[in-house]
>>> print(open('coords.csv').read())   # CSV, C-alpha atoms
chain,number,residue,atom,x,y,z
A,1,MET,CA,196.4,96.3,108.4
A,2,SER,CA,193.4,94.5,106.9
A,3,ARG,CA,192.9,94.1,103.1
A,4,GLU,CA,190.7,96.5,101.2
A,5,PHE,CA,187.2,95.2,100.3
A,6,ARG,CA,185.5,96.2,97.1
A,7,PRO,CA,181.9,96.0,96.0
A,8,GLY,CA,181.2,92.8,94.1
A,9,GLU,CA,183.6,90.7,96.1
A,10,VAL,CA,182.2,87.5,97.6
A,11,ILE,CA,183.6,86.4,101.0
A,12,SER,CA,182.8,83.7,103.5
A,13,TYR,CA,180.9,85.2,106.6
A,14,PRO,CA,178.7,84.0,109.4
A,15,TYR,CA,175.6,85.9,108.1
A,16,LEU,CA,172.9,86.6,110.7
A,17,TRP,CA,169.5,86.7,109.1
A,18,ALA,CA,167.1,89.4,110.3
A,19,TRP,CA,164.5,86.7,111.4
A,20,GLN,CA,167.3,85.1,113.5
A,21,GLN,CA,168.1,88.4,115.2
A,22,GLN,CA,164.4,89.1,115.9
A,23,ARG,CA,164.3,85.7,117.7
A,24,GLY,CA,167.2,86.9,119.9
A,25,GLU,CA,170.0,85.1,118.2
A,26,THR,CA,173.3,86.9,118.0
A,27,GLU,CA,175.5,84.7,115.9
A,28,GLY,CA,175.1,83.4,112.3
A,29,ARG,CA,174.5,79.7,112.3
A,30,LYS,CA,177.1,78.9,109.6
A,31,GLN,CA,179.6,80.4,107.3
A,32,ARG,CA,178.0,81.3,103.9
A,33,PRO,CA,179.0,83.3,100.9
A,34,VAL,CA,178.1,87.0,101.1
A,35,CYS,CA,178.5,89.8,98.6
A,36,VAL,CA,180.0,93.1,99.5
A,37,VAL,CA,177.5,95.6,98.1
A,38,ILE,CA,178.9,98.7,99.9
A,39,ALA,CA,182.4,99.3,101.2
A,40,ILE,CA,183.1,102.8,102.5
A,41,ARG,CA,186.3,103.9,104.2
A,42,ASN,CA,185.7,106.6,106.8
A,43,ALA,CA,188.2,109.4,106.2
A,44,ALA,CA,188.1,110.5,109.9
A,45,ASP,CA,189.1,107.2,111.5
A,46,GLY,CA,190.2,105.0,108.5
A,47,ASN,CA,187.6,102.3,109.3
A,48,THR,CA,185.9,100.4,106.5
A,49,HIS,CA,182.1,100.1,106.7
A,50,LEU,CA,180.5,97.2,104.9
A,51,ALA,CA,177.0,96.2,103.8
A,52,LEU,CA,176.9,92.4,103.1
A,53,LEU,CA,174.2,90.6,101.2
A,54,ALA,CA,173.5,86.9,101.8
A,55,ILE,CA,173.8,84.3,99.1
A,56,THR,CA,171.5,81.3,99.5
A,57,THR,CA,170.6,78.1,97.8
A,58,GLN,CA,167.1,78.3,99.2
A,59,PRO,CA,164.5,79.7,96.8
A,60,PRO,CA,163.3,83.1,98.2
A,61,GLN,CA,160.0,83.3,99.9
A,62,THR,CA,157.1,85.2,98.3
A,63,GLY,CA,157.6,88.9,98.9
A,64,ARG,CA,161.3,88.8,99.3
A,65,ALA,CA,163.5,91.0,97.1
A,66,SER,CA,166.2,88.8,95.5
A,67,LEU,CA,168.1,88.1,92.3
A,68,GLU,CA,168.9,84.7,90.9
A,69,ILE,CA,172.6,84.4,90.2
A,70,PRO,CA,173.3,83.3,86.6
A,71,ASP,CA,175.7,80.4,85.9
A,72,ILE,CA,178.5,82.6,84.6
A,73,GLU,CA,178.3,84.9,87.6
A,74,ARG,CA,178.3,81.9,90.0
A,75,LYS,CA,181.6,80.8,88.3
A,76,ARG,CA,183.1,84.3,88.6
A,77,ALA,CA,182.1,84.5,92.2
A,78,GLY,CA,183.7,81.1,93.1
A,79,LEU,CA,180.3,79.5,93.5
A,80,SER,CA,180.3,77.1,90.6
A,81,ASP,CA,179.7,74.2,93.1
A,82,LEU,CA,176.2,75.6,93.7
A,83,LYS,CA,173.6,74.4,91.2
A,84,GLN,CA,171.3,77.4,91.8
A,85,CYS,CA,171.5,80.4,94.2
A,86,TRP,CA,170.1,83.8,94.9
A,87,ILE,CA,171.4,87.0,96.4
A,88,MET,CA,169.0,88.6,98.9
A,89,VAL,CA,168.8,92.4,98.6
A,90,ASP,CA,166.1,93.2,101.1
A,91,GLU,CA,168.3,92.8,104.2
A,92,TYR,CA,172.0,93.1,105.0
A,93,ASN,CA,174.6,92.7,107.7
A,94,TYR,CA,176.4,95.8,108.6
A,95,ASP,CA,180.0,95.4,109.9
A,96,ILE,CA,183.2,97.4,110.2
A,97,VAL,CA,186.2,95.5,108.9
A,98,GLU,CA,188.7,96.8,111.5
A,99,ARG,CA,186.4,96.1,114.5
A,100,SER,CA,184.8,92.9,113.2
A,101,TRP,CA,184.6,89.7,115.2
A,102,TYR,CA,184.0,87.8,112.0
A,103,ILE,CA,186.4,89.1,109.3
A,104,GLU,CA,189.9,87.9,109.6
A,105,PRO,CA,192.8,90.3,108.7
A,106,GLY,CA,193.9,89.5,105.2
A,107,GLN,CA,190.9,87.3,104.6
A,108,ASP,CA,190.7,85.9,101.1
A,109,ILE,CA,187.9,86.5,98.7
A,110,VAL,CA,185.9,83.6,97.2
A,111,GLY,CA,185.4,85.4,93.9
A,112,ARG,CA,183.9,88.5,92.4
A,113,PHE,CA,180.8,89.4,90.4
A,114,SER,CA,181.1,91.3,87.1
A,115,LYS,CA,180.5,95.0,87.1
A,116,PRO,CA,177.3,94.8,85.0
A,117,PHE,CA,175.9,92.2,87.5
A,118,MET,CA,176.9,94.3,90.4
A,119,VAL,CA,175.0,97.2,88.9
A,120,LYS,CA,171.9,95.1,88.9
A,121,ILE,CA,172.5,94.0,92.5
A,122,ALA,CA,173.1,97.6,93.6
A,123,ARG,CA,170.0,98.9,91.8
A,124,LEU,CA,167.8,96.3,93.5
A,125,PHE,CA,169.4,96.9,96.8
A,126,ALA,CA,168.7,100.7,96.4
A,127,GLU,CA,165.1,100.0,95.4
A,128,ALA,CA,164.5,97.8,98.4
A,129,ARG,CA,166.1,100.4,100.7
A,130,GLY,CA,162.8,101.5,102.2
A,131,ARG,CA,162.1,98.0,103.3
A,132,THR,CA,165.6,96.8,103.8
A,133,GLY,CA,166.5,95.2,107.2
A,134,ARG,CA,169.8,96.1,108.7
A,135,VAL,CA,171.5,93.6,111.0
A,136,ASN,CA,174.2,95.3,113.0
A,137,ARG,CA,177.1,92.8,113.6
A,138,LEU,CA,179.2,95.2,115.9
A,139,ASP,CA,177.8,94.1,119.2
>>> encode(input="coords.csv", output="structure tokens")
Amino acid sequence: MSREFRPGEVISYPYLWAWQQQRGETEGRKQRPVCVVIAIRNAADGNTHLALLAITTQPPQTGRASLEIPDIERKRAGLSDLKQCWIMVDEYNYDIVERSWYIEPGQDIVGRFSKPFMVKIARLFAEARGRTGRVNRLD
């Protein structure tokens, strides 16, 4: 059985950016930290559905919805080695833990954001929902 994922946890994952998928790429180019923003267990089949947000050290392009991660939150999330980083909220990777090609059973978390910071992330993610790009990682 795989571990239970919770919102706010940061894990390592080969995130596939929407622009990469649009160019025909099917695999993330590297492992990167991602934040679990949604984790829902389906009562019918017991599968855990995840929405994962990318964390990047590259300043966001104009027009992108993102949130700079404060120093204290970088430390909580296990990202203190990064001088500056952002969490992107206008696109996400969708995966199912039990069917994932990318999540290992019993995979460790890197760290976890505080509840107040997660509330900010979730609010921005919800606000961006109409223009949010979903990258399905099940294929």
>>> closest_atom_pairs(input="coords.csv", of="segment 4-45 of chain A", to="segment 74-95 of chain A", cutoff="10 Å", atoms="only C-alpha atoms", output="tab-separated table")
residue	atom	partner	partner_atom	distance
A:Gly8	CA	A:Ala77	CA	8.6
A:Glu9	CA	A:Ala77	CA	7.5
A:Val10	CA	A:Ala77	CA	6.2
A:Ile11	CA	A:Ala77	CA	9.1
A:Tyr13	CA	A:Asn93	CA	9.9
A:Pro14	CA	A:Asn93	CA	9.8
A:Tyr15	CA	A:Asn93	CA	6.9
A:Leu16	CA	A:Asn93	CA	7.0
A:Trp17	CA	A:Glu91	CA	7.9
A:Ala18	CA	A:Glu91	CA	7.1
A:Pro33	CA	A:Leu79	CA	8.4
A:Val34	CA	A:Ile87	CA	8.2
A:Cys35	CA	A:Ile87	CA	7.9
A:Val36	CA	A:Tyr92	CA	9.7
A:Val37	CA	A:Tyr92	CA	9.2
A:Ile38	CA	A:Tyr94	CA	9.5
A:Ala39	CA	A:Asp95	CA	9.8
>>> closest_residue(input="coords.csv", among="A:Leu53, A:Asp108, A:Arg29, A:Phe113", to="Pro70 of chain A", atoms="only C-alpha atoms")
A:Phe113
>>> closest_residue(input="coords.csv", among="A:Thr48, A:Leu138, A:Glu73, A:Arg131", to="Lys115 of chain A", atoms="only C-alpha atoms")
A:Glu73
>>> atom_distance(input="coords.csv", atom1="atom CA of Lys120 of chain A", atom2="atom CA of Ala51 of chain A")
15.8 Å
>>> closest_residue(input="coords.csv", among="A:Val97, A:Ile72, A:Leu50, A:Arg129", to="Arg112 of chain A", atoms="only C-alpha atoms")
A:Ile72
>>> axis_aligned_box(input="coords.csv", around="segment 44-47 of chain A", padding_each_side="6 Å", output="lines of an AutoDock Vina configuration file")
center_x = 188.9
center_y = 106.4
center_z = 110.0
size_x = 14.6
size_y = 20.2
size_z = 15.0
>>> atom_distance(input="coords.csv", atom1="atom CA of Glu25 of chain A", atom2="atom CA of His49 of chain A")
22.4 Å
>>> closest_residue(input="coords.csv", among="A:Glu98, A:Gln107, A:Lys30, A:Val135", to="Gly46 of chain A", atoms="only C-alpha atoms")
A:Glu98
>>> atom_distance(input="coords.csv", atom1="atom CA of Asn42 of chain A", atom2="atom CA of Phe125 of chain A")
21.4 Å
>>> closest_residue(input="coords.csv", among="A:Arg137, A:Arg64, A:Arg123, A:Arg41", to="Ile103 of chain A", atoms="only C-alpha atoms")
A:Arg137
>>> closest_residue(input="coords.csv", among="A:Ile69, A:Met118, A:Ile40, A:Leu52", to="Arg134 of chain A", atoms="all atoms listed in the file")
A:Leu52
>>> build_atoms(input="coords.csv", residues="segment 48-81 of chain A", atoms="N, CA and C atoms", output="compact mmCIF listing (two decimals), in the coordinates of the input")
# COMPACT_ATOMS: atom_id res chain seq x y z
N THR A 48 186.64 100.79 107.66
CA THR A 48 185.90 100.40 106.50
C THR A 48 184.54 99.83 106.84
N HIS A 49 183.48 100.49 106.42
CA HIS A 49 182.10 100.10 106.70
C HIS A 49 181.60 99.25 105.56
N LEU A 50 181.00 98.08 105.89
CA LEU A 50 180.50 97.20 104.90
C LEU A 50 179.03 96.89 105.01
N ALA A 51 178.36 96.76 103.86
CA ALA A 51 177.00 96.20 103.80
C ALA A 51 177.17 94.89 103.04
N LEU A 52 176.75 93.79 103.67
CA LEU A 52 176.90 92.40 103.10
C LEU A 52 175.60 91.79 102.85
N LEU A 53 175.46 91.27 101.63
CA LEU A 53 174.20 90.60 101.20
C LEU A 53 174.41 89.10 101.21
N ALA A 54 173.44 88.39 101.75
CA ALA A 54 173.50 86.90 101.80
C ALA A 54 173.28 86.29 100.46
N ILE A 55 173.98 85.20 100.23
CA ILE A 55 173.80 84.30 99.10
C ILE A 55 173.27 83.01 99.59
N THR A 56 172.17 82.55 99.03
CA THR A 56 171.50 81.30 99.50
C THR A 56 171.13 80.40 98.40
N THR A 57 171.08 79.12 98.72
CA THR A 57 170.60 78.10 97.80
C THR A 57 169.11 77.87 97.91
N GLN A 58 168.51 78.45 98.95
CA GLN A 58 167.10 78.30 99.20
C GLN A 58 166.28 79.27 98.35
N PRO A 59 165.30 78.81 97.56
CA PRO A 59 164.50 79.70 96.80
C PRO A 59 163.84 80.78 97.74
N PRO A 60 163.83 82.03 97.33
CA PRO A 60 163.30 83.10 98.20
C PRO A 60 161.79 82.93 98.43
N GLN A 61 161.38 83.33 99.62
CA GLN A 61 160.00 83.30 99.90
C GLN A 61 159.24 84.41 99.17
N THR A 62 157.96 84.22 98.96
CA THR A 62 157.10 85.20 98.30
C THR A 62 157.27 86.56 99.03
N GLY A 63 157.46 87.62 98.25
CA GLY A 63 157.60 88.90 98.90
C GLY A 63 158.97 89.39 99.17
N ARG A 64 159.93 88.48 99.09
CA ARG A 64 161.30 88.80 99.30
C ARG A 64 161.94 89.41 98.08
N ALA A 65 162.83 90.39 98.24
CA ALA A 65 163.50 91.00 97.10
C ALA A 65 164.86 90.22 96.93
N SER A 66 165.02 89.61 95.76
CA SER A 66 166.20 88.80 95.50
C SER A 66 166.52 88.79 94.03
N LEU A 67 167.67 88.24 93.71
CA LEU A 67 168.10 88.10 92.30
C LEU A 67 168.76 86.77 92.15
N GLU A 68 168.26 85.99 91.19
CA GLU A 68 168.90 84.70 90.90
C GLU A 68 170.26 84.97 90.28
N ILE A 69 171.26 84.22 90.70
CA ILE A 69 172.60 84.40 90.20
C ILE A 69 172.81 83.49 88.99
N PRO A 70 173.06 84.08 87.80
CA PRO A 70 173.30 83.30 86.60
C PRO A 70 174.53 82.41 86.70
N ASP A 71 174.57 81.36 85.90
CA ASP A 71 175.70 80.40 85.90
C ASP A 71 177.05 81.09 85.76
N ILE A 72 177.18 81.99 84.81
CA ILE A 72 178.50 82.60 84.60
C ILE A 72 178.90 83.47 85.77
N GLU A 73 177.94 84.10 86.43
CA GLU A 73 178.30 84.90 87.60
C GLU A 73 178.60 84.01 88.81
N ARG A 74 177.96 82.85 88.92
CA ARG A 74 178.30 81.90 90.00
C ARG A 74 179.78 81.48 89.80
N LYS A 75 180.19 81.24 88.56
CA LYS A 75 181.60 80.80 88.30
C LYS A 75 182.54 81.97 88.66
N ARG A 76 182.23 83.19 88.26
CA ARG A 76 183.10 84.30 88.60
C ARG A 76 183.23 84.53 90.09
N ALA A 77 182.14 84.27 90.80
CA ALA A 77 182.10 84.50 92.20
C ALA A 77 182.66 83.32 93.04
N GLY A 78 183.13 82.28 92.34
CA GLY A 78 183.70 81.10 93.10
C GLY A 78 182.60 80.22 93.62
N LEU A 79 181.41 80.27 93.04
CA LEU A 79 180.30 79.50 93.50
C LEU A 79 179.80 78.45 92.56
N SER A 80 180.69 78.01 91.68
CA SER A 80 180.30 77.10 90.60
C SER A 80 179.82 75.72 91.19
N ASP A 81 180.14 75.41 92.45
CA ASP A 81 179.70 74.20 93.10
C ASP A 81 178.20 74.24 93.45
